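Visitor: The following file, target.cif, comprises mmCIF, C-alpha atoms:
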data_start
loop_
_atom_site.label_atom_id
_atom_site.label_comp_id
_atom_site.auth_asym_id
_atom_site.auth_seq_id
_atom_site.Cartn_x
_atom_site.Cartn_y
_atom_site.Cartn_z
CA MET A 91 -44.02 1.60 11.50
CA ALA A 92 -43.29 4.66 9.40
CA ARG A 93 -43.44 7.94 11.22
CA ILE A 94 -45.55 10.62 9.66
CA ASN A 95 -43.04 13.44 9.92
CA GLY A 96 -39.85 11.70 8.99
CA PRO A 97 -38.25 8.93 7.03
CA ALA A 98 -39.13 5.42 8.07
CA LEU A 99 -35.86 4.67 9.77
CA ASP A 100 -37.54 2.02 11.84
CA ASP A 101 -38.78 0.33 8.70
CA PRO A 102 -37.47 -3.26 9.03
CA VAL A 103 -37.15 -3.72 5.27
CA TYR A 104 -35.02 -0.60 4.96
CA LEU A 105 -32.88 -1.51 7.96
CA THR A 106 -32.28 -5.07 6.80
CA GLN A 107 -31.24 -3.89 3.36
CA LEU A 108 -29.05 -1.13 4.81
CA ARG A 109 -27.33 -3.53 7.17
CA ARG A 110 -26.68 -5.97 4.36
CA ASP A 111 -25.16 -3.23 2.18
CA LEU A 112 -22.99 -2.01 5.06
CA VAL A 113 -21.70 -5.46 5.92
CA ARG A 114 -20.92 -6.27 2.31
CA PHE A 115 -19.04 -3.00 2.00
CA ALA A 116 -17.10 -3.46 5.24
CA ARG A 117 -16.14 -7.03 4.35
CA LEU A 118 -14.70 -5.97 1.04
CA GLN A 119 -12.54 -3.41 2.80
CA LEU A 120 -11.41 -5.41 5.79
CA ARG A 121 -11.47 -8.93 4.37
CA ASP A 122 -12.46 -10.12 7.83
CA ALA A 123 -16.08 -11.02 8.53
CA ALA A 124 -16.00 -10.52 12.29
CA ALA A 125 -14.25 -7.17 12.10
CA ALA A 126 -16.73 -6.11 9.42
CA GLU A 127 -19.71 -6.98 11.65
CA ASP A 128 -18.17 -5.01 14.50
CA ALA A 129 -17.57 -1.93 12.37
CA VAL A 130 -21.13 -2.01 11.02
CA GLN A 131 -22.59 -2.46 14.49
CA GLU A 132 -20.69 0.56 15.73
CA ALA A 133 -21.64 2.65 12.73
CA LEU A 134 -25.33 1.80 13.10
CA ALA A 135 -25.25 2.54 16.82
CA ALA A 136 -23.56 5.89 16.21
CA ALA A 137 -25.97 6.74 13.42
CA TRP A 138 -28.99 5.81 15.47
CA THR A 139 -28.40 8.59 17.96
CA GLN A 140 -28.66 11.12 15.12
CA ALA A 141 -31.55 9.52 13.29
CA ASP A 142 -33.84 12.51 13.83
CA ARG A 143 -31.74 14.71 11.63
CA PHE A 144 -32.76 13.11 8.39
CA ALA A 145 -35.61 13.87 6.10
CA ALA A 146 -35.26 10.82 3.91
CA GLN A 147 -33.92 7.29 3.99
CA SER A 148 -31.43 8.11 1.24
CA GLU A 149 -29.91 10.90 3.34
CA HIS A 150 -29.75 8.61 6.32
CA LYS A 151 -28.04 5.94 4.26
CA THR A 152 -25.38 8.39 3.02
CA TRP A 153 -24.78 9.45 6.60
CA VAL A 154 -24.40 5.91 7.94
CA PHE A 155 -22.03 5.00 5.14
CA GLY A 156 -20.00 8.09 5.98
CA ILE A 157 -19.69 6.97 9.58
CA LEU A 158 -18.76 3.47 8.49
CA ARG A 159 -16.08 4.79 6.14
CA HIS A 160 -14.48 6.67 9.02
CA LYS A 161 -14.56 3.54 11.16
CA LEU A 162 -12.97 1.50 8.40
CA VAL A 163 -10.19 4.04 7.92
CA ASP A 164 -9.56 3.90 11.70
CA THR A 165 -9.57 0.12 11.71
CA LEU A 166 -7.18 -0.11 8.78
CA ARG A 167 -4.95 2.45 10.44
CA ALA A 168 -4.95 0.56 13.72
CA ARG A 169 -3.75 -2.55 11.95
CA GLN A 170 -0.64 -0.58 11.08
CA ARG A 171 0.26 -2.91 8.30
CA THR A 172 2.84 -1.10 6.29
CA VAL A 173 3.42 -2.50 2.91
CA ASN A 174 6.12 -5.07 2.51
CA LEU A 175 8.00 -3.70 -0.46
CA SER A 176 9.30 -7.01 -1.71
CA ALA A 177 5.79 -8.50 -1.60
CA LEU A 178 4.59 -5.45 -3.49
CA GLU A 179 7.31 -5.81 -6.09
CA SER A 180 6.51 -9.44 -6.66
CA GLU A 181 2.81 -8.61 -7.00
CA LEU A 182 3.71 -6.06 -9.64
CA ASP A 183 5.99 -8.54 -11.40
CA GLY A 184 2.94 -10.76 -11.73
CA GLU A 185 1.21 -7.94 -13.57
CA ALA A 186 3.57 -8.37 -16.49
CA LEU A 187 1.77 -11.62 -17.24
CA LEU A 188 -1.55 -9.84 -17.58
CA ASP A 189 0.05 -7.19 -19.76
CA ARG A 190 1.30 -9.85 -22.14
CA GLU A 191 -2.25 -11.15 -22.42
CA LEU A 192 -3.80 -7.73 -22.97
CA PHE A 193 -1.23 -5.94 -25.09
CA LYS A 194 0.78 -6.89 -28.12
CA ASP A 195 4.56 -6.49 -28.13
CA ASN A 196 4.16 -3.05 -29.68
CA GLY A 197 2.10 -1.86 -26.70
CA HIS A 198 -1.27 -1.79 -28.45
CA TRP A 199 -4.33 -3.81 -27.45
CA SER A 200 -4.32 -7.29 -28.83
CA SER A 201 -7.39 -7.87 -30.97
CA GLU A 202 -9.06 -10.37 -28.61
CA THR A 203 -8.72 -8.18 -25.53
CA LYS A 204 -9.36 -4.73 -26.98
CA PRO A 205 -12.06 -3.17 -24.76
CA ARG A 206 -15.51 -3.42 -26.25
CA PRO A 207 -18.48 -1.29 -25.24
CA TRP A 208 -20.20 -1.78 -21.94
CA PRO A 209 -23.72 -0.73 -21.11
CA THR A 210 -24.11 2.94 -20.18
CA PRO A 211 -23.63 3.72 -16.48
CA GLU A 212 -27.36 4.37 -16.13
CA THR A 213 -28.13 0.88 -17.42
CA ALA A 214 -25.30 -1.02 -15.77
CA LEU A 215 -25.82 0.33 -12.27
CA ARG A 216 -29.43 -0.79 -12.35
CA GLN A 217 -28.54 -4.36 -13.25
CA GLN A 218 -28.16 -6.85 -10.42
CA GLN A 219 -25.81 -8.78 -12.70
CA PHE A 220 -23.42 -5.84 -12.80
CA TRP A 221 -23.21 -5.62 -9.01
CA THR A 222 -22.71 -9.36 -8.61
CA LEU A 223 -19.85 -9.34 -11.11
CA PHE A 224 -18.38 -6.15 -9.66
CA GLU A 225 -18.16 -7.67 -6.21
CA MET A 226 -16.78 -10.94 -7.51
CA CYS A 227 -14.08 -9.13 -9.47
CA LEU A 228 -13.20 -6.90 -6.50
CA GLU A 229 -12.65 -9.99 -4.39
CA HIS A 230 -10.30 -11.38 -7.00
CA LEU A 231 -7.94 -8.41 -6.94
CA PRO A 232 -4.46 -9.16 -5.61
CA GLU A 233 -3.96 -7.94 -2.05
CA HIS A 234 -2.09 -4.65 -2.43
CA ILE A 235 -3.86 -3.72 -5.62
CA GLY A 236 -7.24 -4.29 -4.02
CA ARG A 237 -6.32 -2.49 -0.85
CA VAL A 238 -5.09 0.71 -2.47
CA PHE A 239 -7.99 0.79 -4.92
CA MET A 240 -10.51 0.42 -2.10
CA MET A 241 -8.85 3.18 -0.10
CA ARG A 242 -9.04 5.46 -3.11
CA GLU A 243 -12.47 4.67 -4.52
CA PHE A 244 -14.48 3.35 -1.59
CA LEU A 245 -13.02 5.20 1.37
CA ASP A 246 -12.50 8.32 -0.73
CA LEU A 247 -8.94 9.01 0.40
CA GLU A 248 -6.71 11.15 -1.79
CA THR A 249 -3.81 9.36 -3.43
CA GLU A 250 -1.31 11.39 -1.41
CA ALA A 251 -2.94 10.35 1.85
CA ILE A 252 -2.87 6.70 0.81
CA CYS A 253 0.82 6.83 -0.10
CA ALA A 254 1.66 8.51 3.18
CA GLU A 255 -0.43 6.02 5.13
CA LEU A 256 1.17 3.00 3.50
CA LYS A 257 4.60 4.62 3.20
CA MET A 258 4.70 4.11 -0.53
CA THR A 259 5.88 6.32 -3.35
CA ALA A 260 3.30 8.24 -5.37
CA ASN A 261 4.26 6.14 -8.35
CA HIS A 262 3.56 2.87 -6.56
CA CYS A 263 0.19 4.18 -5.46
CA SER A 264 -0.89 5.21 -8.91
CA VAL A 265 0.43 2.01 -10.49
CA LEU A 266 -1.59 -0.06 -8.05
CA ILE A 267 -4.75 1.91 -8.73
CA TYR A 268 -4.13 1.58 -12.45
CA ARG A 269 -3.67 -2.18 -12.15
CA ALA A 270 -6.88 -2.44 -10.14
CA ARG A 271 -8.84 -0.59 -12.82
CA LEU A 272 -7.28 -2.61 -15.62
CA ARG A 273 -7.97 -5.88 -13.80
CA LEU A 274 -11.51 -4.95 -12.85
CA ARG A 275 -12.52 -3.94 -16.34
CA THR A 276 -10.87 -7.03 -17.77
CA CYS A 277 -12.56 -9.26 -15.21
CA LEU A 278 -16.00 -7.70 -15.78
CA SER A 279 -15.61 -8.04 -19.54
CA GLU A 280 -14.49 -11.65 -19.27
CA LYS A 281 -17.46 -12.43 -17.06
CA GLY A 282 -19.76 -11.18 -19.74
CA LEU A 283 -20.45 -7.50 -19.21
CA SER A 284 -21.13 -6.09 -22.68
CA ARG A 285 -23.51 -4.00 -24.66
CA GLU A 286 -25.59 -5.66 -27.30
CA ASP A 287 -26.72 -2.61 -29.23
CA ALA A 288 -24.62 -0.82 -31.82
CA ASN A 289 -24.10 2.54 -30.14
CA GLY A 290 -20.72 1.72 -28.72
CA GLU A 291 -17.22 2.22 -29.95
CA VAL A 292 -16.48 -0.85 -31.98
CA MET B 288 3.84 7.58 -25.54
CA GLY B 289 1.15 6.73 -28.08
CA LYS B 290 0.85 3.09 -27.07
CA CYS B 291 -2.33 1.77 -25.49
CA LYS B 292 -0.34 0.39 -22.59
CA ASN B 293 0.87 3.91 -21.68
CA ILE B 294 -2.35 5.67 -22.56
CA THR B 295 -4.39 3.41 -20.29
CA ARG B 296 -2.10 4.31 -17.41
CA LEU B 297 -2.47 8.04 -18.14
CA LEU B 298 -6.26 7.71 -18.39
CA SER B 299 -6.23 6.09 -14.97
CA ASP B 300 -3.95 8.77 -13.51
CA ALA B 301 -6.25 11.45 -14.94
CA LEU B 302 -8.92 10.35 -12.47
CA ASP B 303 -6.60 11.03 -9.55
CA ARG B 304 -4.32 13.93 -10.43
CA PRO B 305 -4.10 16.81 -12.89
CA LEU B 306 -2.18 15.67 -15.95
CA LYS B 307 0.73 17.57 -17.43
CA THR B 308 0.28 19.22 -20.80
CA GLY B 309 2.36 16.62 -22.59
CA GLU B 310 0.29 13.86 -21.07
CA TRP B 311 -2.96 15.43 -22.24
CA VAL B 312 -1.55 15.89 -25.70
CA ALA B 313 -0.60 12.21 -25.86
CA ILE B 314 -4.12 11.23 -24.86
CA ARG B 315 -5.79 13.64 -27.26
CA LEU B 316 -3.71 12.44 -30.16
CA HIS B 317 -4.34 8.81 -29.34
CA LEU B 318 -8.04 8.57 -28.45
CA PRO B 319 -9.51 9.51 -31.84
CA THR B 320 -7.61 6.62 -33.39
CA CYS B 321 -8.33 3.95 -30.79
CA SER B 322 -11.76 2.60 -29.89
CA GLY B 323 -10.21 0.24 -27.34
CA CYS B 324 -8.84 3.10 -25.26
CA ARG B 325 -12.05 5.12 -25.70
CA ASN B 326 -14.03 2.19 -24.31
CA TYR B 327 -11.45 1.67 -21.57
CA ARG B 328 -11.86 5.28 -20.50
CA LYS B 329 -15.63 4.94 -20.22
CA GLN B 330 -15.22 1.70 -18.34
CA ILE B 331 -12.88 3.01 -15.66
CA ARG B 332 -15.19 5.98 -15.15
CA LEU B 333 -18.05 3.57 -14.65
CA LEU B 334 -15.94 1.70 -12.09
CA ARG B 335 -15.55 4.92 -10.15
CA VAL B 336 -19.26 5.70 -10.24
CA ALA B 337 -20.04 2.15 -9.13
CA ALA B 338 -17.53 2.22 -6.27
CA ARG B 339 -18.86 5.54 -5.02
CA SER B 340 -22.43 4.48 -5.34
CA MET B 341 -21.65 1.35 -3.32
CA SER B 342 -19.98 3.36 -0.58
CA GLY B 343 -22.67 6.01 -0.40
CA ILE B 344 -20.49 8.82 -1.75
CA ALA B 345 -22.49 11.27 -3.82
CA THR B 346 -21.20 11.71 -7.36
CA PRO B 347 -23.28 14.42 -8.99
CA ASP B 348 -21.20 14.79 -12.13
CA SER B 349 -18.84 11.87 -12.33
CA THR B 350 -20.45 10.40 -15.43
CA SER B 351 -19.97 13.59 -17.38
CA GLY B 352 -16.55 14.08 -18.77
CA ASP B 353 -13.95 16.56 -19.76
CA ASP B 354 -14.37 16.04 -23.46
#
Could you spell out this file's structure in structure tokens?

Guide:
Amino acid sequence: MARINGPALDDPVYLTQLRRDLVRFARLQLRDAAAAEDAVQEALAAAWTQADRFAAQSEHKTWVFGILRHKLVDTLRARQRTVNLSALESELDGEALLDRELFKDNGHWSSETKPRPWPTPETALRQQQFWTLFEMCLEHLPEHIGRVFMMREFLDLETEAICAELKMTANHCSVLIYRARLRLRTCLSEKGLSREDANGEV
Amino acid sequence: MGKCKNITRLLSDALDRPLKTGEWVAIRLHLPTCSGCRNYRKQIRLLRVAARSMSGIATPDSTSGDD
């Protein structure tokens, strides 16, 4: 089992958990279970050859995720799906509906949808409930909105790189990321994420 | 520019690009008067921390702000 001089990278519990996290992550990005499995398999194989370099499981995990992110960027690139502008426009037209729900005619929050406090990051990120809801809400994002948001926040690409990659204007890119954030926070709030104590902004 | 609909967009953009002076001014004038947008700002920052944590990207200071 665990080696004395290094992290327990052959620890089956650690590896099972790591694999599960990687697959979940890859699926969200690729929306294709088989392709996700392949990417994870390759990342793990590549990481394995370097396993000696790491002093701790957490470092190893960061490293493997880094490899996987590169693989996912390559995979997405290989798909060469440029954005269909009319599909994008119609997705954004649909956003007007959400805006009418969230904002009054004068552009201010309507009283029912005005954001209420969430738990602090320290608390939320430790709650299994948060992660379950987060994943569920990510899966519900419309296609382009979800894709651009994932490229920005999960694959850590700069907005300029994303626009260039998808041949979109900077404005389209930032609108899509904005819509993703607005939708995610709305979805999480609707599913019940809230703070019970009185420290928030109410 | 002082409407929540515009301010929420600027608060999102602020996570991805440096804002122009006028944009910062709009935000700074608006936030003290609007708890909804203050909560929104905290929430989208949390989304970033969560996304990075899920993808194994280190975020040493992303919960601290620019206030």

Visitor: Counting only C-alpha atoms, which residues of chain B come no farther than 8 Å from chain A, as a CSV table (one decimal) with C-alpha atoms, in the frame of the given file?

Guide:
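Now in iface.csv:
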chain,number,residue,atom,x,y,z
B,290,LYS,CA,0.8,3.1,-27.1
B,291,CYS,CA,-2.3,1.8,-25.5
B,292,LYS,CA,-0.3,0.4,-22.6
B,293,ASN,CA,0.9,3.9,-21.7
B,296,ARG,CA,-2.1,4.3,-17.4
B,299,SER,CA,-6.2,6.1,-15.0
B,300,ASP,CA,-4.0,8.8,-13.5
B,303,ASP,CA,-6.6,11.0,-9.6
B,322,SER,CA,-11.8,2.6,-29.9
B,323,GLY,CA,-10.2,0.2,-27.3
B,324,CYS,CA,-8.8,3.1,-25.3
B,325,ARG,CA,-12.0,5.1,-25.7
B,326,ASN,CA,-14.0,2.2,-24.3
B,327,TYR,CA,-11.4,1.7,-21.6
B,330,GLN,CA,-15.2,1.7,-18.3
B,331,ILE,CA,-12.9,3.0,-15.7
B,333,LEU,CA,-18.0,3.6,-14.6
B,334,LEU,CA,-15.9,1.7,-12.1
B,335,ARG,CA,-15.6,4.9,-10.2
B,336,VAL,CA,-19.3,5.7,-10.2
B,337,ALA,CA,-20.0,2.2,-9.1
B,338,ALA,CA,-17.5,2.2,-6.3
B,339,ARG,CA,-18.9,5.5,-5.0
B,341,MET,CA,-21.6,1.4,-3.3
B,342,SER,CA,-20.0,3.4,-0.6
B,343,GLY,CA,-22.7,6.0,-0.4
B,344,ILE,CA,-20.5,8.8,-1.8
B,345,ALA,CA,-22.5,11.3,-3.8
B,350,THR,CA,-20.4,10.4,-15.4

Visitor: In Å to one decimal, how far is atom CA of A:Lys161 from atom CA of A:Ala125?

Guide: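 Atom-to-atom, atom CA of A:Ala125 and atom CA of A:Lys161 are spaced 10.8 Å apart.
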
Visitor: Restricting the calculation to only C-alpha atoms, which member of B:Pro319, B:Arg332, B:Ile314, B:Leu302 is positioned closest to B:Gly289?

Guide: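 So, comparing all the options, the nearest one is B:Ile314.
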
Visitor: Expressed in Å to a single decimal, how great is the separation between atom CA of A:Leu187 and atom CA of A:Met241?

Guide: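 Taking atom CA of A:Leu187 and atom CA of A:Met241, their separation equals 25.0 Å.
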
Visitor: By how many Å are atom CA of A:Asn261 and atom CA of B:Leu306 apart?

Guide: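 Atom-to-atom, atom CA of A:Asn261 to atom CA of B:Leu306, that is 13.8 Å.
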
Visitor: Could you check the closest approach to A:Met258 for each of A:Glu191, A:Glu229, A:Glu132, A:Glu179 and tell me which residue wins, using only C-alpha atoms?

Guide: A:Glu179

Visitor: Using only C-alpha atoms, find the one residue out of A:Pro232, A:Leu166, A:Gln140, A:Leu105 that sits nearest to A:Leu256.

Guide: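 Nearest to A:Leu256: A:Leu166.
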